[in-house]
Number of protein chains: 6
Amino acid sequence: VSTARLGLINPNTDAGDTEEMAAVARAALDSEVEVVALTAARGPRSIESAADEAIAAAEVVRMVADHPALDAYVIACFSDPGCQAARELTDAPVVGIAEAAFRAALMVGRRFAVITTLARGVPAIEEHMEQLGVRGRCVGVLPLEIPVERQGTAFPSSLDAISATGRDAVERLGAEVLVLACGAMTGVEAAVTQRTGVPAITGVAVGALFAHSLWRAGLRTSKVGALAPPEPIPYTGMAPLRARDTAQS
Amino acid sequence: VSTARLGLINPNTDAGDTEEMAAVARAALDSEVEVVALTAARGPRSIESAADEAIAAAEVVRMVADHPALDAYVIACFSDPGCQAARELTDAPVVGIAEAAFRAALMVGRRFAVITTLARGVPAIEEHMEQLGVRGRCVGVLPLEIPVERQGTAFPSSLDAISATGRDAVERLGAEVLVLACGAMTGVEAAVTQRTGVPAITGVAVGALFAHSLWRAGLRTSKVGALAPPEPIPYTGMAPLRARDTAQS
Amino acid sequence: VSTARLGLINPNTDAGDTEEMAAVARAALDSEVEVVALTAARGPRSIESAADEAIAAAEVVRMVADHPALDAYVIACFSDPGCQAARELTDAPVVGIAEAAFRAALMVGRRFAVITTLARGVPAIEEHMEQLGVRGRCVGVLPLEIPVERQGTAFPSSLDAISATGRDAVERLGAEVLVLACGAMTGVEAAVTQRTGVPAITGVAVGALFAHSLWRAGLRTSKVGALAPPEPIPYTGMAPLRARDTAQS
Amino acid sequence: VSTARLGLINPNTDAGDTEEMAAVARAALDSEVEVVALTAARGPRSIESAADEAIAAAEVVRMVADHPALDAYVIACFSDPGCQAARELTDAPVVGIAEAAFRAALMVGRRFAVITTLARGVPAIEEHMEQLGVRGRCVGVLPLEIPVERQGTAFPSSLDAISATGRDAVERLGAEVLVLACGAMTGVEAAVTQRTGVPAITGVAVGALFAHSLWRAGLRTSKVGALAPPEPIPYTGMAPLRARDTAQS
Amino acid sequence: VSTARLGLINPNTDAGDTEEMAAVARAALDSEVEVVALTAARGPRSIESAADEAIAAAEVVRMVADHPALDAYVIACFSDPGCQAARELTDAPVVGIAEAAFRAALMVGRRFAVITTLARGVPAIEEHMEQLGVRGRCVGVLPLEIPVERQGTAFPSSLDAISATGRDAVERLGAEVLVLACGAMTGVEAAVTQRTGVPAITGVAVGALFAHSLWRAGLRTSKVGALAPPEPIPYTGMAPLRARDTAQS
Amino acid sequence: VSTARLGLINPNTDAGDTEEMAAVARAALDSEVEVVALTAARGPRSIESAADEAIAAAEVVRMVADHPALDAYVIACFSDPGCQAARELTDAPVVGIAEAAFRAALMVGRRFAVITTLARGVPAIEEHMEQLGVRGRCVGVLPLEIPVERQGTAFPSSLDAISATGRDAVERLGAEVLVLACGAMTGVEAAVTQRTGVPAITGVAVGALFAHSLWRAGLRTSKVGALAPPEPIPYTGMAPLRARDTAQS
């Protein structure tokens with residue numbers, strides 16, 4: 001079995017988030033997989049609005065173009081910013097953590113709830129679920145009104161809020177799985193599961209594993225059709241985007 | 001009746017495209033509406049891939065943030081890059097030309113076909129139609145395999161190709177309206193209608209008119225919920241995004 | 001810029017409703033647009049059931065056939081009665097106010113609620129939203145249990161009820177826009193917006209503006225396919241329907 | 001077992017169509033069921049456009065209101081004109097033949113094709129299928145370009161055309177059942193089945209049987225909610241619609 | 001009119017259930033129709049889980065294969081276990097009671113609620129409604145938390161619970177019809193209707209009637225395509241499945 | 001990292017198929033994962049009809065119940081027979097190969113085609129895609145009319161047919177990925193990819209990897225709600241189904 005190098009792309013500029021997520025990915029993957037953790041150099045320190053996401057998506061595209069030699073990528077922000085665009089720039093598999101979380105949720109349950117940070121983000125999550133074909137399996141998207149920057153293992157009150165909201169989703173709405181819609185929530189899954197009795201998923205661990213699985217199964221991003229390398233369009237004020245040479249794959 | 005200032009945002013960096021589209025918008029609107037034409041300062045000269053679009057969307061967000069004093073905006077690229085994000089940054093109405101074109105098409109016909117530049121763009125158009133709720137009214141998305149840069153009134157062969165494809169869509173697929181999925185096709189609509197016998201729409205004229213209509217009807221972008229101004233997140237390496245002061249509206 | 005004549009078709013027989021709606025349309029449109037207000041000569045004085053709507057739809061068809069020389073039409077009843085049928089009878093653009101209201105709502109917000117008169121009308125509104133592709137963006141259809149005949153600027157208690165229901169929709173359901181599902185509610189939008197903090201839309205103003213916009217953009221109802229003039233079928237007991245001579249357009 | 005009286009409502013004014021459809025219904029039902037055949041007194045002699053349908057729907061509503069003493073109704077035109085409105089006017093079950101045909105088709109096959117008269121009617125059929133939730137089971141809607149008035153047992157060339165189109169739908173599109181989308185095609189089903197090898201359904205026989213089945217099962221149209229009797233709205237220029245007294249049921 | 005033999009297939013092994021359902025079917029059908037009631041010889045005595053259903057579906061297939069001479073079949077368990085598979089084994093029409101109940105509900109109302117036994121069954125019912133295209137017409141699936149074995153006319157407390165839940169569905173959710181999602185609830189419909197004011201449907205009576213209606217209309221299960229007899233695959237450890245000789249039909 | 005035992009469940013009775021699929025799974029997984037290959041003891045030697053599938057699903061349920069000590073399961077038949085039922089019987093993750101193949105396809109492409117054995121199976125695949133939310137991403141389901149028993153590495157003509165059909169799907173329909181809808185096609189993916197230029201997926205390798213990934217991410221089948229152990233229903237003629245004691249997990 002060959003060794004793989006997995007790029008964990010953090011679309012925000014908070015290196016602490018990156019390290020927490022990379023640690024989770026490393027714990028989930030075999031020791032022989034190398035996780036290359038990358039933090040956005042520019043843009044928002046956390047992503048709460050569509051405007052933040054638009055800025056971050058452009059950074060994700062650039063980050064993948066700038067790190068072409070990896071075997072698989074996971075985009076570690078729940079809105080999967082720039083995911084389809086990133087796929088154009090590589091023939092390595094690229095997986096978003098929201099996509100991975102929703103897919104995994106439906107392999108271990110029939111109905112899930114989503115717990116997110118701010119209410120303003122609910123419509124975007126609902127539309128992302130539609131685009132992925134899973135909205136009909138979601139019993140509710142429940143905001144905590146606690147921002148990204150106060151999520152994670154360093155914030156016990158956030159864990160309390162997630163757990164209380166999760167129990168409500170299980171008891172009142174019939175949730176069988178909880179999708180935690182924020183990469184920064186990574187690390188609290190086990191505690192949430194213990195407190196609610198149902199699986200909790202951020203998508204960081206399983207997203208890294210699924211990306212690696214695709215690579216192990218010999219699957220590469222299709223270079224025919226929509227995900228072919230970008231056309232050689234002239235760019236103004238910045239270097240044009242160039243896909244990794246696909247001859248090597 | 002008060003006078004309005006409409007921002008026509010060209011997400012690509014081709015000022016020629018901007019001028020052609022602005023001329024169409026000016027011809028459609030009352031003389032008392034001022035069209036402020038804006039060209040992206042950075043990024044792709046035309047937009048053919050999701051990667052191009054991701055870069056352009058970030059520019060659109062910045063352009064709207066940098067021109068806050070306008071009464072309405074039209075985003076003049078058929079993928080509507082950055083449209084929801086731009087709405088967060090202003091309480092003026094913001095309309096994308098694809099959105100406008102699809103809406104208009106279904107007000108003058110029951111089934112439309114889409115004519116686009118490259119086959120690689122078909123899935124993105126289909127998913128955009130799903131997001132807008134109109135995919136079930138589309139009889140086909142037909143690529144010309146002629147890139148954006150060779151579209152428009154200066155390219156008679158492109159007009160010929162659009163017309164031939166359009167006639168095929170009418171006769172074989174039952175199209176009643178043709179949606180021309182490229183801002184650079186602006187200017188050929190009348191000729192295409194004459195050659196095919198059905199309405200042809202790029203969305204530039206009607207998008208400008210719809211944006212102005214919203215303003216005239218007293219409608220402003222909702223600042224409650226998803227389209228509220230972005231949260232005051234710290235940004236790295238660039239100025240943070242700030243919405244126009246909504247007190248003025 | 002040429003002058004247009006817009007037909008505002010009131011499908012019910014209440015001339016007072018017609019005048020209120022026409023006044024709103026005139027205020028929204030340029031002074032150079034002439035609004036020709038037409039009231040149904042026969043049928044229900046207000047429309048609350050599918051049976052009322054079926055009777056009214058037949059009148060709408062007749063009204064459009066009898067007033068062929070107009071440049072655009074708006075059908076000013078929230079169920080859009082006879083809208084597709086009316087389009088067959090003219091090549092002028094025809095816009096329904098429900099269609100216009102839903103389209104406008106999604107250009108200024110990502111989630112809307114609908115406030116309607118009677119609970120019995122909820123399923124028809126839901127199915128109309130499905131047909132228009134917007135049901136997934138609606139957070140709820142909320143009936144006031146106040147009939148059409150007691151809606152409008154002359155009924156302050158109705159305004160109070162709409163505002164209270166609207167605030168509930170915003171706070172509890174996450175509505176970002178309020179669609180007021182009754183033409184007779186026209187005139188209260190600004191007050192509702194002031195009391196709820198979100199845009200309120202009946203579709204009368206924006207429907208008139210969108211119909212005019214289509215005409216200004218040079219768009220005419222497609223005469224190829226479903227919206228071609230009715231076939232020359234013999235009629236019993238009434239004059240057959242004849243479309244306006246399309247040669248003039 | 002009590003005896004039932006079934007109203008067969010022909011929305012067009014062609015009494016010959018009524019008689020052919022009534023004969024089919026009588027042959028399908030038990031001899032103890034009385035079929036009361038009703039022909040529209042006013043309106044189009046056949047229904048090919050949305051405008052024709054709007055006129056006919058208003059007549060259907062009036063016909064049901066004028067014949068209140070029946071036990072069940074079948075609306076015998078494939079667009080099911082006025083079906084929901086008619087249900088408001090009675091607590092007897094009301095079934096449309098399109099609804100019945102699609103339901104029956106999916107009980108004897110997994111994929112059906114629709115064969116219709118004119119291409120212009122295709123979008124309306126597709127949207128009716130969406131409203132009924134069956135569009136995803138349809139492999140195609142195939143127009144003959146032969147009008148209603150030349151359909152039926154008296155026109156062998158129409159039978160030939162239906163059969164040829166049906167064979168194409170079976171062989172090329174994978175149709176397992178053929179839905180014949182015109183009441184006037186009634187009578188050719190057996191011959192089409194013989195020539196194509198798959199079930200052919202107009203909905204007249206099975207619609208009459210389903211309406212009777214609902215009555216036999218003790219089911220009555222719900223008078224709570226959307227299908228309650230119309231509100232007592234004043235009518236201008238015509239008698240108001242009044243539902244049958246539901247106390248009798 | 002010829003006499004028919006209808007197979008009422010009870011997928012569970014409780015002969016008491018079979019007899020109750022057969023009595024209801026006999027009461028609904030003409031005396032000249034013979035109801036052949038069949039109880040599963042093996043498997044669960046009631047069906048509450050997907051595992052129970054999988055076992056029962058295999059029995060249903062075998063039961064239809066073993067009783068080939070009947071004219072129509074109704075599968076009398078609300079999950080319609082093995083319904084499409086059973087159709088492959090016969091050219092007689094086969095109708096599931098859930099399918100029949102949902103179809104009937106939408107012929108007598110525009111919105112229904114489902115009342116079921118255990119909460120664990122809700123996702124399967126929702127997905128079955130999706131598959132049938134009716135989920136958008138359902139206002140809620142409400143579990144009683146009373147198992148199948150304590151449903152039916154012998155359990156007055158279950159009737160009380162159904163009625164109370166039904167009234168809540170009508171008043172709070174806008175249900176116009178109640179679908180009772182358990183064959184064993186057969187017999188309580190009239191009492192539930194009396195107590196709630198809306199039609200209640202288990203699907204047993206109307207399913208038997210619809211199956212008979214298909215047969216009376218001359219419709220047979222299509223033997224072209226998906227429902228053709230199973231391929232002659234070798235079977236291990238059991239007799240292969242063989243369809244009834246279709247030459248007789 | 002602990003060692004896992006993965007159950008590869010072949011729902012058909014062909015031990016040769018089992019061995020080929022197990023070999024592929026072993027090659028894809030780490031050497032430290034033990035693949036326990038299980039062949040159905042009873043039922044069809046290959047699965048081509050819904051009847052075959054119903055029999056096989058009951059066997060799958062029994063197989064999982066009889067082998068409770070494994071850490072993850074993959075159900076290795078493209079119709080995913082018994083998948084939700086099997087999940088009730090264990091808290092180990094259970095993945096079907098169709099589910100895995102569709103999920104993987106959309107991580108490496110935006111549009112896929114499905115290549116299957118017989119045309120009769122097309123509707124079931126389409127409905128399975130709907131249930132999984134992916135039908136809108138499929139450009140076509142293309143049957144080879146070559147049965148399961150003649151698929152696989154031992155049949156070069158089948159590889160030729162798959163490759164030719166695949167090239168057609170890529171060139172004519174815009175497929176970017178090929179989903180090979182038959183477990184017995186396992187082993188030909190690499191050759192198909194080489195001949196068509198796009199990824200080919202049966203789901204056996206990636207299904208095994210995804211099941212293992214879920215286990216590695218600490219995810220267990222939710223035992224709250226639909227996938228809880230079956231209720232303790234009495235069974236006739238066979239042992240009741242009992243879930244693995246979940247206390248151990």
# chains A, B, ... in the order shown; residues from 1 in each chain; ligands from 1
call {"tool": "interface_residues", "arguments": {"of": "chain A", "to": "chain F", "cutoff": "7 Å", "atoms": "only C-alpha atoms", "output": "number ranges by chain"}}
result
A: 28, 93-95, 107-110, 133-134, 174, 176-177, 198-199, 205-206, 209-210, 213-214, 216-217, 219-222, 224-227
call {"tool": "residues_around", "arguments": {"residues": "segment 10-17 of chain B", "least_positions_apart": "6", "cutoff": "8 Å", "atoms": "only C-alpha atoms", "output": "PyMOL selection string"}}
result
(chain A and resi 235-236) or (chain B and resi 37-47+56-57+59-60+75-77+81+183-184)
call {"tool": "residues_around", "arguments": {"residues": "Thr117 of chain A", "least_positions_apart": "6", "cutoff": "10 Å", "atoms": "only C-alpha atoms", "output": "ChimeraX atom specification"}}
result
/A:48,142-151,158,162,180-182,185
call {"tool": "atom_distance", "arguments": {"atom1": "atom CA of Pro229 of chain D", "atom2": "atom CA of Ala50 of chain C"}}
result
9.9 Å
call {"tool": "atom_distance", "arguments": {"atom1": "atom CA of Leu178 of chain B", "atom2": "atom CA of Phe112 of chain B"}}
result
5.6 Å
call {"tool": "residues_around", "arguments": {"residues": "Leu89 of chain E", "least_positions_apart": "2", "cutoff": "7 Å", "atoms": "only C-alpha atoms", "output": "count of residues only"}}
result
8
call {"tool": "select_by_dssp", "arguments": {"residues": "segment 85-155 of chain A", "states": "helix (DSSP H, G or I)", "output": "ChimeraX atom specification"}}
result
/A:85-88,97-108,119-132,135-137,148-150
